[in-house]
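Content type mmCIF, C-alpha atoms, from the file run10.cif:
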data_query
#
loop_
_atom_site.label_atom_id
_atom_site.label_comp_id
_atom_site.auth_asym_id
_atom_site.auth_seq_id
_atom_site.Cartn_x
_atom_site.Cartn_y
_atom_site.Cartn_z
CA MET A 1 -80.93 67.44 25.94
CA SER A 2 -83.60 69.53 24.22
CA GLU A 3 -85.99 68.04 21.70
CA VAL A 4 -84.90 70.72 19.21
CA ASN A 5 -81.80 68.66 18.39
CA GLY A 6 -83.86 65.90 16.83
CA PRO A 7 -85.83 65.94 13.58
CA THR A 8 -89.23 67.58 13.62
CA PRO A 9 -92.39 65.61 12.71
CA GLU A 10 -92.51 67.49 9.41
CA GLN A 11 -88.93 66.48 8.64
CA THR A 12 -89.31 62.86 9.61
CA SER A 13 -92.39 62.35 7.52
CA VAL A 14 -90.65 63.03 4.24
CA ILE A 15 -88.22 60.15 4.48
CA GLU A 16 -90.93 57.53 4.25
CA PRO A 17 -90.87 55.79 0.88
CA LYS A 18 -93.72 56.93 -1.32
CA LYS A 19 -95.07 55.43 -4.45
CA SER A 20 -93.73 57.30 -7.41
CA SER A 21 -94.52 57.35 -11.09
CA LYS A 22 -90.91 58.22 -11.87
CA GLY A 23 -89.94 54.55 -12.25
CA TRP A 24 -86.72 52.70 -11.58
CA TRP A 25 -84.69 54.82 -14.04
CA ALA A 26 -85.46 58.03 -12.17
CA SER A 27 -84.67 56.30 -8.87
CA LEU A 28 -81.32 55.16 -10.26
CA LEU A 29 -80.49 58.72 -11.33
CA LEU A 30 -81.38 59.99 -7.86
CA PHE A 31 -79.15 57.32 -6.32
CA LEU A 32 -76.24 58.40 -8.53
CA ALA A 33 -76.81 62.03 -7.53
CA PHE A 34 -76.54 61.20 -3.83
CA ILE A 35 -73.69 58.70 -4.08
CA GLY A 36 -70.37 59.70 -2.57
CA PRO A 37 -69.87 59.76 1.21
CA GLY A 38 -70.47 56.07 1.92
CA LEU A 39 -68.65 54.70 -1.11
CA ILE A 40 -65.63 56.96 -0.66
CA THR A 41 -65.38 56.20 3.06
CA GLY A 42 -65.66 52.46 2.56
CA ILE A 43 -63.27 52.16 -0.38
CA PHE A 44 -60.57 54.48 0.93
CA GLY A 45 -60.84 52.73 4.30
CA ASN A 46 -58.55 50.30 2.47
CA ASP A 47 -55.57 52.52 3.24
CA ALA A 48 -51.88 51.55 3.33
CA GLY A 49 -52.25 49.76 6.67
CA GLY A 50 -55.30 47.84 5.47
CA ILE A 51 -53.73 46.82 2.15
CA THR A 52 -50.65 45.62 4.05
CA THR A 53 -52.81 43.55 6.39
CA TYR A 54 -54.76 41.92 3.54
CA SER A 55 -51.55 41.21 1.61
CA VAL A 56 -49.88 39.50 4.58
CA ILE A 57 -53.06 37.52 5.32
CA GLY A 58 -53.21 36.25 1.74
CA ALA A 59 -49.51 35.39 1.59
CA LYS A 60 -49.39 33.55 4.92
CA TYR A 61 -52.73 31.74 5.02
CA GLY A 62 -53.95 31.91 1.44
CA LEU A 63 -57.51 30.95 0.67
CA SER A 64 -58.27 29.53 4.11
CA ILE A 65 -59.26 32.96 5.45
CA ILE A 66 -61.39 34.35 2.62
CA TRP A 67 -64.59 33.07 4.27
CA MET A 68 -64.19 35.86 6.82
CA ILE A 69 -64.64 38.55 4.16
CA ILE A 70 -68.43 38.09 4.17
CA PRO A 71 -69.06 38.78 7.90
CA VAL A 72 -66.47 41.57 7.92
CA THR A 73 -68.24 43.24 4.99
CA LEU A 74 -71.59 42.98 6.79
CA MET A 75 -70.05 44.63 9.86
CA LEU A 76 -68.80 47.51 7.74
CA VAL A 77 -72.24 47.96 6.13
CA ILE A 78 -73.95 48.16 9.54
CA PHE A 79 -71.63 50.87 10.87
CA GLN A 80 -71.73 52.88 7.64
CA GLU A 81 -75.52 52.79 7.53
CA MET A 82 -75.78 54.15 11.10
CA SER A 83 -73.26 56.89 10.36
CA GLY A 84 -74.98 58.02 7.16
CA ARG A 85 -78.39 57.93 8.81
CA MET A 86 -77.25 60.08 11.75
CA GLY A 87 -75.77 62.65 9.37
CA ALA A 88 -78.92 62.88 7.25
CA ILE A 89 -81.35 62.96 10.16
CA THR A 90 -79.52 65.40 12.43
CA GLY A 91 -77.57 67.49 9.92
CA LYS A 92 -74.61 67.28 12.33
CA GLY A 93 -71.23 65.58 12.38
CA LEU A 94 -70.43 62.80 14.82
CA SER A 95 -68.15 65.06 16.88
CA ASP A 96 -70.98 67.58 17.25
CA LEU A 97 -73.31 64.90 18.57
CA ILE A 98 -70.71 63.50 20.96
CA ARG A 99 -70.04 66.96 22.42
CA GLU A 100 -73.74 67.76 22.81
CA ASN A 101 -74.68 64.46 24.41
CA PHE A 102 -71.61 63.32 26.35
CA GLY A 103 -70.16 66.68 27.36
CA ILE A 104 -67.15 68.69 26.30
CA ARG A 105 -64.68 66.80 28.54
CA ILE A 106 -65.36 63.35 27.08
CA ALA A 107 -65.53 64.83 23.60
CA PHE A 108 -62.20 66.61 24.09
CA TYR A 109 -60.32 63.48 25.15
CA LEU A 110 -61.93 61.41 22.40
CA ILE A 111 -61.01 63.93 19.73
CA LEU A 112 -57.50 64.34 21.17
CA ALA A 113 -57.07 60.59 20.69
CA LYS A 114 -58.50 60.91 17.19
CA LEU A 115 -56.03 63.70 16.40
CA LEU A 116 -53.16 61.41 17.44
CA ALA A 117 -54.67 58.61 15.35
CA GLY A 118 -55.03 61.00 12.42
CA MET A 119 -51.37 61.96 12.63
CA ALA A 120 -50.35 58.30 12.82
CA ASN A 121 -52.56 57.43 9.85
CA ALA A 122 -51.10 60.30 7.83
CA LEU A 123 -47.66 58.85 8.54
CA ALA A 124 -48.80 55.37 7.53
CA ASN A 125 -50.19 56.56 4.21
CA PHE A 126 -47.09 58.58 3.33
CA ALA A 127 -45.19 55.40 4.17
CA GLY A 128 -47.46 53.57 1.71
CA MET A 129 -46.76 56.14 -1.00
CA ALA A 130 -43.01 55.90 -0.40
CA ALA A 131 -43.09 52.10 -0.50
CA ALA A 132 -45.19 52.04 -3.69
CA LEU A 133 -42.99 54.44 -5.63
CA GLU A 134 -39.79 52.78 -4.44
CA LEU A 135 -41.04 49.73 -6.34
CA PHE A 136 -40.45 51.76 -9.48
CA GLY A 137 -37.08 53.09 -8.36
CA VAL A 138 -38.27 56.55 -7.29
CA SER A 139 -36.78 57.89 -4.05
CA LYS A 140 -39.10 58.89 -1.23
CA PHE A 141 -37.14 62.14 -0.92
CA ILE A 142 -38.64 63.16 -4.25
CA THR A 143 -42.09 61.64 -4.09
CA VAL A 144 -43.16 62.35 -0.51
CA PRO A 145 -42.65 66.17 -0.62
CA ALA A 146 -44.28 66.32 -4.07
CA MET A 147 -47.29 64.29 -2.93
CA ALA A 148 -47.63 66.35 0.26
CA VAL A 149 -47.83 69.57 -1.76
CA PHE A 150 -50.25 67.99 -4.27
CA ILE A 151 -52.61 66.76 -1.53
CA TRP A 152 -52.46 70.10 0.31
CA LEU A 153 -53.23 72.11 -2.84
CA LEU A 154 -56.10 69.77 -3.69
CA ALA A 155 -57.77 70.36 -0.32
CA ILE A 156 -57.12 74.11 -0.36
CA LYS A 157 -58.25 74.82 -3.92
CA ALA A 158 -61.10 72.36 -4.51
CA ASN A 159 -64.62 72.47 -3.07
CA TYR A 160 -66.47 69.41 -1.76
CA ARG A 161 -68.10 68.54 -5.10
CA ARG A 162 -64.78 68.58 -6.91
CA ILE A 163 -62.99 66.56 -4.25
CA GLU A 164 -65.83 64.03 -4.27
CA LYS A 165 -65.51 63.62 -8.04
CA ILE A 166 -61.75 63.11 -7.72
CA PHE A 167 -62.33 60.46 -5.07
CA LEU A 168 -64.92 58.70 -7.20
CA ILE A 169 -62.51 58.64 -10.15
CA GLY A 170 -59.77 57.38 -7.83
CA ILE A 171 -61.99 54.44 -6.85
CA LEU A 172 -61.66 53.13 -10.40
CA PHE A 173 -57.96 52.48 -9.76
CA TYR A 174 -58.89 49.87 -7.19
CA ALA A 175 -59.79 47.71 -10.18
CA ALA A 176 -56.02 47.16 -10.44
CA TYR A 177 -56.31 44.59 -7.64
CA ILE A 178 -59.07 42.76 -9.50
CA VAL A 179 -57.03 42.64 -12.72
CA ALA A 180 -53.97 41.45 -10.76
CA GLY A 181 -56.12 38.69 -9.28
CA PHE A 182 -57.16 37.43 -12.69
CA LEU A 183 -53.54 37.52 -13.87
CA ALA A 184 -52.41 35.34 -10.96
CA PRO A 185 -52.57 31.51 -11.28
CA ILE A 186 -55.68 30.92 -9.15
CA ASP A 187 -57.38 27.56 -8.61
CA TRP A 188 -60.95 28.83 -8.74
CA SER A 189 -62.47 25.49 -7.74
CA GLU A 190 -60.39 25.66 -4.54
CA VAL A 191 -61.64 29.21 -3.98
CA GLY A 192 -65.23 27.93 -4.06
CA ARG A 193 -64.43 25.12 -1.64
CA GLN A 194 -62.75 27.47 0.83
CA VAL A 195 -65.73 29.85 0.82
CA ILE A 196 -68.18 27.02 1.56
CA ARG A 197 -65.98 24.77 3.74
CA PRO A 198 -62.95 26.76 4.90
CA SER A 199 -59.81 25.06 6.20
CA ILE A 200 -59.68 26.94 9.49
CA ASP A 201 -56.26 26.98 11.14
CA LEU A 202 -56.20 27.00 14.96
CA SER A 203 -52.66 28.37 15.23
CA PRO A 204 -51.96 31.69 17.04
CA GLY A 205 -50.74 33.26 13.78
CA TYR A 206 -54.01 32.46 12.01
CA PHE A 207 -56.01 33.86 14.93
CA PHE A 208 -53.91 37.03 14.96
CA LEU A 209 -54.48 37.71 11.26
CA LEU A 210 -58.17 36.85 11.56
CA VAL A 211 -58.47 39.47 14.28
CA ALA A 212 -56.40 41.89 12.16
CA LEU A 213 -58.84 41.44 9.26
CA ILE A 214 -61.72 42.52 11.52
CA GLY A 215 -59.79 45.29 13.23
CA THR A 216 -58.46 46.97 10.08
CA THR A 217 -61.63 46.90 7.95
CA VAL A 218 -63.44 49.36 10.24
CA ALA A 219 -61.27 52.32 11.27
CA PRO A 220 -62.25 55.00 13.83
CA TRP A 221 -61.94 57.86 11.34
CA MET A 222 -64.53 56.35 8.97
CA PRO A 223 -67.81 57.23 10.76
CA PHE A 224 -66.51 60.74 11.51
CA TYR A 225 -65.68 61.40 7.86
CA GLN A 226 -68.82 59.83 6.42
CA GLN A 227 -71.16 61.71 8.72
CA SER A 228 -69.37 65.02 8.11
CA ALA A 229 -69.41 64.34 4.35
CA VAL A 230 -73.17 63.70 4.44
CA VAL A 231 -73.59 67.09 6.14
CA GLU A 232 -71.12 68.78 3.76
CA LYS A 233 -72.96 67.31 0.76
CA GLU A 234 -76.15 68.78 2.27
CA LEU A 235 -78.10 65.55 2.12
CA LYS A 236 -81.54 65.97 3.69
CA ILE A 237 -83.83 63.50 5.38
CA SER A 238 -85.87 63.27 2.18
CA ASP A 239 -82.69 62.28 0.29
CA TYR A 240 -81.71 59.48 2.62
CA LYS A 241 -84.07 56.85 1.21
CA TYR A 242 -81.94 57.03 -1.96
CA ALA A 243 -78.57 57.70 -0.37
CA ARG A 244 -78.87 54.65 1.91
CA TRP A 245 -78.67 52.36 -1.15
CA GLU A 246 -75.05 53.42 -1.31
CA THR A 247 -74.22 51.54 1.91
CA PRO A 248 -74.59 47.96 0.62
CA ALA A 249 -72.96 49.01 -2.67
CA ALA A 250 -69.97 50.36 -0.74
CA GLY A 251 -69.76 47.25 1.44
CA LEU A 252 -69.88 44.95 -1.58
CA SER A 253 -67.16 46.97 -3.32
CA VAL A 254 -64.91 46.82 -0.27
CA GLY A 255 -65.48 43.07 0.07
CA VAL A 256 -64.57 42.48 -3.58
CA ILE A 257 -61.33 44.46 -3.23
CA ILE A 258 -60.30 42.62 -0.06
CA PHE A 259 -61.15 39.31 -1.74
CA PHE A 260 -58.91 39.95 -4.75
CA ILE A 261 -56.01 41.25 -2.68
CA ILE A 262 -56.05 38.12 -0.52
CA LEU A 263 -56.63 35.96 -3.59
CA THR A 264 -53.67 37.43 -5.46
CA CYS A 265 -51.32 37.20 -2.50
CA SER A 266 -52.37 33.60 -1.80
CA THR A 267 -50.15 32.61 -4.75
CA LEU A 268 -47.00 33.97 -3.08
CA GLY A 269 -46.34 31.86 0.00
CA GLY A 270 -45.69 33.59 3.30
CA ASP A 271 -41.90 33.79 3.38
CA GLY A 272 -40.58 37.35 3.30
CA ILE A 273 -43.99 38.99 2.81
CA GLU A 274 -44.33 41.63 5.51
CA THR A 275 -45.84 44.54 3.53
CA ALA A 276 -47.97 45.19 0.45
CA ALA A 277 -44.80 46.35 -1.34
CA ASP A 278 -43.17 42.96 -0.60
CA ALA A 279 -46.20 41.28 -2.16
CA ALA A 280 -46.00 43.48 -5.24
CA ARG A 281 -42.31 42.62 -5.72
CA ALA A 282 -42.94 38.90 -5.26
CA LEU A 283 -45.67 38.86 -7.92
CA ALA A 284 -43.04 39.58 -10.57
CA TYR A 285 -41.53 36.11 -10.03
CA ILE A 286 -44.74 34.14 -10.56
CA PRO A 287 -44.75 32.42 -13.99
CA GLY A 288 -47.31 33.97 -16.31
CA VAL A 289 -47.76 37.05 -14.13
CA GLY A 290 -44.52 38.99 -14.34
CA GLN A 291 -44.16 42.75 -14.04
CA HIS A 292 -47.75 43.46 -15.06
CA ALA A 293 -49.15 42.32 -11.70
CA THR A 294 -46.36 44.15 -9.85
CA ILE A 295 -47.25 47.39 -11.63
CA LEU A 296 -50.97 46.91 -10.97
CA PHE A 297 -50.49 46.03 -7.32
CA GLY A 298 -47.96 48.80 -6.71
CA GLY A 299 -50.13 51.32 -8.56
CA GLY A 300 -53.13 50.33 -6.47
CA LEU A 301 -51.12 50.83 -3.28
CA LEU A 302 -50.06 54.28 -4.47
CA VAL A 303 -53.61 55.44 -5.26
CA ASP A 304 -54.92 53.97 -1.98
CA SER A 305 -52.29 55.81 0.01
CA ILE A 306 -52.83 59.15 -1.76
CA GLY A 307 -56.60 58.96 -1.30
CA ALA A 308 -56.34 57.98 2.37
CA ALA A 309 -53.66 60.65 2.98
CA LEU A 310 -56.26 63.22 1.89
CA ILE A 311 -59.42 61.80 3.41
CA ILE A 312 -58.13 60.86 6.89
CA PRO A 313 -56.63 64.29 7.74
CA LEU A 314 -59.86 65.89 6.48
CA SER A 315 -61.81 63.62 8.82
CA THR A 316 -59.61 64.65 11.75
CA SER A 317 -59.95 68.35 10.90
CA PHE A 318 -63.73 68.03 10.70
CA SER A 319 -63.82 66.31 14.10
CA VAL A 320 -61.66 68.81 15.97
CA CYS A 321 -63.43 71.85 14.51
CA GLU A 322 -66.88 70.43 15.29
CA ILE A 323 -65.87 69.96 18.94
CA PHE A 324 -64.76 73.58 19.36
CA GLY A 325 -67.42 75.12 17.14
CA TRP A 326 -64.92 76.36 14.55
CA GLU A 327 -65.84 76.81 10.90
CA SER A 328 -65.02 73.69 8.88
CA GLY A 329 -65.42 72.22 5.42
CA VAL A 330 -63.68 72.20 2.06
CA ASN A 331 -66.44 74.43 0.69
CA LYS A 332 -64.99 77.26 2.77
CA SER A 333 -61.87 79.30 2.03
CA PHE A 334 -58.71 79.25 4.14
CA SER A 335 -59.58 82.67 5.60
CA ASP A 336 -63.11 81.50 6.51
CA ALA A 337 -61.94 78.27 8.19
CA PRO A 338 -58.31 78.83 9.29
CA GLN A 339 -58.38 76.24 12.09
CA PHE A 340 -59.78 73.58 9.76
CA TYR A 341 -57.12 74.10 7.10
CA GLY A 342 -54.42 74.71 9.70
CA LEU A 343 -55.02 71.28 11.25
CA PHE A 344 -55.09 69.68 7.82
CA THR A 345 -51.80 71.37 6.90
CA LEU A 346 -50.19 70.27 10.17
CA GLN A 347 -51.09 66.61 9.61
CA ILE A 348 -49.92 66.57 6.00
CA PHE A 349 -46.55 68.22 6.37
CA VAL A 350 -45.60 66.75 9.76
CA GLY A 351 -46.49 63.30 8.41
CA ALA A 352 -44.43 63.84 5.27
CA ALA A 353 -41.47 65.23 7.25
CA ILE A 354 -41.31 62.26 9.62
CA ILE A 355 -41.37 59.76 6.75
CA LEU A 356 -38.30 61.51 5.29
CA ILE A 357 -36.23 60.67 8.38
CA PRO A 358 -33.43 58.38 7.15
CA ASP A 359 -33.79 54.65 7.99
CA ILE A 360 -37.26 55.07 9.52
CA SER A 361 -39.18 51.77 9.57
CA LEU A 362 -42.16 52.13 7.25
CA ILE A 363 -43.78 48.95 8.56
CA GLY A 364 -43.18 50.18 12.12
CA VAL A 365 -45.05 53.39 11.31
CA MET A 366 -48.00 51.40 9.94
CA LEU A 367 -48.01 49.16 13.02
CA ILE A 368 -48.17 52.13 15.39
CA SER A 369 -51.04 53.69 13.42
CA GLN A 370 -53.01 50.45 13.63
CA MET A 371 -52.41 50.21 17.36
CA ILE A 372 -53.74 53.73 17.97
CA ASN A 373 -56.76 53.00 15.78
CA GLY A 374 -57.42 49.84 17.77
CA LEU A 375 -57.39 51.68 21.09
CA LEU A 376 -59.76 54.40 19.85
CA LEU A 377 -62.24 52.31 17.86
CA PRO A 378 -64.28 50.74 20.73
CA PHE A 379 -65.05 54.15 22.25
CA VAL A 380 -66.23 55.52 18.88
CA LEU A 381 -68.49 52.54 18.12
CA ILE A 382 -70.05 52.53 21.61
CA ALA A 383 -70.75 56.28 21.35
CA MET A 384 -72.41 55.70 17.97
CA LEU A 385 -74.68 53.02 19.44
CA PHE A 386 -75.88 55.32 22.21
CA LEU A 387 -76.47 58.22 19.83
CA VAL A 388 -78.29 56.31 17.10
CA ASN A 389 -80.68 54.79 19.67
CA ASP A 390 -81.55 58.11 21.33
CA LYS A 391 -85.07 59.14 20.28
CA LYS A 392 -84.35 62.76 21.26
CA ILE A 393 -81.71 62.80 18.54
CA MET A 394 -83.07 60.41 15.91
CA GLY A 395 -86.82 60.61 16.40
CA GLN A 396 -88.42 57.57 14.79
CA TYR A 397 -85.17 56.66 13.01
CA THR A 398 -83.42 54.89 15.84
CA ASN A 399 -82.19 51.35 15.16
CA ARG A 400 -84.90 48.75 14.78
CA PRO A 401 -84.66 45.80 17.22
CA LEU A 402 -83.07 43.21 14.90
CA PHE A 403 -80.72 45.74 13.34
CA ASN A 404 -79.80 46.98 16.80
CA LEU A 405 -79.00 43.45 17.98
CA ALA A 406 -76.75 42.98 14.94
CA ALA A 407 -75.10 46.36 15.61
CA ILE A 408 -74.43 45.47 19.27
CA ILE A 409 -72.93 42.10 18.31
CA CYS A 410 -70.75 43.74 15.66
CA THR A 411 -69.63 46.42 18.12
CA VAL A 412 -68.59 43.79 20.65
CA LEU A 413 -66.76 41.71 18.03
CA VAL A 414 -64.98 44.62 16.35
CA SER A 415 -64.03 46.21 19.69
CA ALA A 416 -62.71 42.91 21.04
CA ALA A 417 -60.75 42.35 17.83
CA ALA A 418 -59.23 45.82 18.02
CA ILE A 419 -58.18 45.40 21.67
CA ILE A 420 -56.74 41.92 21.07
CA LEU A 421 -54.87 43.23 18.03
CA VAL A 422 -53.33 46.04 20.07
CA ALA A 423 -52.33 43.65 22.88
CA MET A 424 -50.74 41.16 20.47
CA ALA A 425 -49.00 43.92 18.54
CA ILE A 426 -47.49 45.34 21.74
CA PHE A 427 -46.34 41.87 22.76
CA ASN A 428 -44.72 41.26 19.38
CA PHE A 429 -43.34 44.80 19.25
CA ASN A 430 -41.52 44.29 22.52
#
Mind turning this structure into structure tokens?
Amino acid sequence: MSEVNGPTPEQTSVIEPKKSSKGWWASLLLFLAFIGPGLITGIFGNDAGGITTYSVIGAKYGLSIIWMIIPVTLMLVIFQEMSGRMGAITGKGLSDLIRENFGIRIAFYLILAKLLAGMANALANFAGMAAALELFGVSKFITVPAMAVFIWLLAIKANYRRIEKIFLIGILFYAAYIVAGFLAPIDWSEVGRQVIRPSIDLSPGYFFLLVALIGTTVAPWMPFYQQSAVVEKELKISDYKYARWETPAAGLSVGVIIFFIILTCSTLGGDGIETAADAARALAYIPGVGQHATILFGGGLLVDSIGAALIIPLSTSFSVCEIFGWESGVNKSFSDAPQFYGLFTLQIFVGAAIILIPDISLIGVMLISQMINGLLLPFVLIAMLFLVNDKKIMGQYTNRPLFNLAAIICTVLVSAAAIILVAMAIFNFN
């Protein structure tokens, strides 16, 4: 590959931190200006499938598994940092880099798998919307078509800046899980004990859900979307020293949300809790909690599903268009980027139509989406490791040795978890 694909010496020099007289207040304002891609990707990675996984984990094994939130959050931070850095340094999406460095054939098959995963994830998130609104007695035959049209219009009519603002406002609704957690009857001293000295269960069920926690926190669409969003936001190398602060902030936010979901559901007991909607219903019967927690939990599931139903199809459209060199991006009109919006439209309306099939299993749809994600994820993470360590691409901004060791360990652990999760899901499914 030609050296022209990497950053020039002039470009790479400007990312180095320089002493500034602007002070911490000016730095904070710069951070807020660049915030968006990492936080949105991390938070909305908690989609319907993820929320279901965390709810079931909390209900079945309670506080004994919350210790795992810390290493899982660190894994997420490592992958998000690499993705954001590649976007800022190269000015290219992940699909672009895969095509240029691994060839069109490998890129084609990888993106074909990602298209299938995107379709499955769209289904899962429409299933999440349907389940959330059925909590309030609203039929999916009303809500799913309405939400599909709303999401489609939002992508068609809004530019990147407007969509980013909507996402950032939507993140505030995740506070519903935190409020629900404080409403639930939690033994906080026991929470502290379980964080420091967890009661690890050696049963197969505990192991399965432990693996599920790792495998659902990092999804294959996330690095594709984040890197494309960094490019779409037009972040430059000189911006990245501020934008990178977003990565630990996003990881911490995700960890807090997972913590409170598991915490809240730990009060339920495992019987009959198979989905996030089941957990929301069960909260109504806890003394002192009542319908308030059900509304908060169900509302959180609804917002999660809507946000993910927008962001994941966008990620897939970005990826496919980058591979074939088609125009892409929500800053462009439908006529300027017909393939981009056509793929987005296909995912939204096919996903919504399938969910409207009578008697379709919503939990089955979510299970299939997680299985496809698990099969795709190892290939995406391994490709990222090769790309981020290529000096022709990243110049002096390849992974440093200790960070690279941590990234390799995380890649092995997350990939193994995803493969084990798929194998166990197939076994249980059959």
Using all atoms listed in the file, which residues of region 223-329 of chain A come within 7 Å of region 114-138 of chain A, and what is the closest atom pair for each, with the distance in Å to one decimal? Give it as CSV, sorted by chain and residue number.
residue,atom,partner,partner_atom,distance
A:Ala277,CA,A:Ala131,CA,6.1
A:Gly298,CA,A:Ala132,CA,5.2
A:Gly299,CA,A:Ala132,CA,7.0
A:Leu301,CA,A:Ala132,CA,6.1
A:Leu302,CA,A:Met129,CA,5.1
A:Ser305,CA,A:Asn125,CA,4.8
A:Ile306,CA,A:Met129,CA,6.8
A:Ala308,CA,A:Asn125,CA,6.6
A:Ala309,CA,A:Ala122,CA,5.5
A:Ile312,CA,A:Gly118,CA,6.3
A:Pro313,CA,A:Gly118,CA,5.9
A:Thr316,CA,A:Gly118,CA,5.9
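If you apply the PyMOL selection byres ((chain A and resi 168-174) around 7) to this structure, you end up with Ile40, Ile43, Glu164, Lys165, Ile166, Phe167, Ala175, Ala176, Tyr177, Gly300 and Val303 of chain A.
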Expansion of the PyMOL selection byres ((chain A and resi 99-110) around 9) into residues, as a PDB file with C-alpha atoms, keeping the file's coordinate frame:
ATOM      1  CA  MET A   1     -80.930  67.440  25.940  1.00  0.00           C
ATOM      2  CA  LEU A  94     -70.430  62.800  14.820  1.00  0.00           C
ATOM      3  CA  SER A  95     -68.150  65.060  16.880  1.00  0.00           C
ATOM      4  CA  ASP A  96     -70.980  67.580  17.250  1.00  0.00           C
ATOM      5  CA  LEU A  97     -73.310  64.900  18.570  1.00  0.00           C
ATOM      6  CA  ILE A  98     -70.710  63.500  20.960  1.00  0.00           C
ATOM      7  CA  ILE A 111     -61.010  63.930  19.730  1.00  0.00           C
ATOM      8  CA  LEU A 112     -57.500  64.340  21.170  1.00  0.00           C
ATOM      9  CA  ALA A 113     -57.070  60.590  20.690  1.00  0.00           C
ATOM     10  CA  LYS A 114     -58.500  60.910  17.190  1.00  0.00           C
ATOM     11  CA  LEU A 115     -56.030  63.700  16.400  1.00  0.00           C
ATOM     12  CA  VAL A 320     -61.660  68.810  15.970  1.00  0.00           C
ATOM     13  CA  GLU A 322     -66.880  70.430  15.290  1.00  0.00           C
ATOM     14  CA  ILE A 323     -65.870  69.960  18.940  1.00  0.00           C
ATOM     15  CA  PHE A 324     -64.760  73.580  19.360  1.00  0.00           C
ATOM     16  CA  LEU A 376     -59.760  54.400  19.850  1.00  0.00           C
ATOM     17  CA  PHE A 379     -65.050  54.150  22.250  1.00  0.00           C
ATOM     18  CA  VAL A 380     -66.230  55.520  18.880  1.00  0.00           C
ATOM     19  CA  ALA A 383     -70.750  56.280  21.350  1.00  0.00           C
ATOM     20  CA  LEU A 387     -76.470  58.220  19.830  1.00  0.00           C
TER      21      LEU A 387
END
**Report entry** Shell of 12 Å around Ile70 (chain A), only C-alpha atoms, local chain residues under 3 positions omitted, as a ChimeraX atom specification
**Finding:** /A:65-67,73-77,195-196,213-214,217,251-256,258-259
Query raised in the report: So which residues get picked by the PyMOL selection byres ((chain A and resi 50) around 12) here, written as an MDAnalysis selection string?
Result: chainID A and resid 42:49 51:57 121 124:125 128 209 212:219 254 257:258 261:262 275:276 301 304:305 308 363 366:367 369:370 373
Query raised in the report: How far is it from CA of Lys60 (chain A) to CA of Leu377 (chain A), in Å with one decimal?
Result: 26.2 Å
Draw an axis-aligned box tight on the listed atoms of region 320-328 of chain A, then pad every side by 6 Å and write out centre and edge lengths in Å to one decimal as lines of an AutoDock Vina configuration file.
center_x = -64.5
center_y = 72.8
center_z = 14.1
size_x = 17.8
size_y = 20.0
size_z = 22.5
Query raised in the report: Could you pull the residues within 9 Å of Phe349 (chain A), counting all atoms listed in the file, minus those fewer than 2 positions along the same chain, as a list in words?
Result: Pro145, Ala148, Val149, Trp152, Phe344, Thr345, Leu346, Gln347, Gly351, Ala352, Ala353 and Ile354 of chain A
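The smallest atom-to-atom distance between Gly374 (chain A) and any of A:Leu343, A:Leu356, A:Ile420, A:Val412, using only C-alpha atoms, is found for A:Ile420.
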Query raised in the report: What is the distance between CA of Ser228 (chain A) and CA of Gly93 (chain A), in Å to one decimal?
Result: 4.7 Å
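Distance-wise, CA of Met68 (chain A) and CA of Phe260 (chain A) end up 13.4 Å apart.
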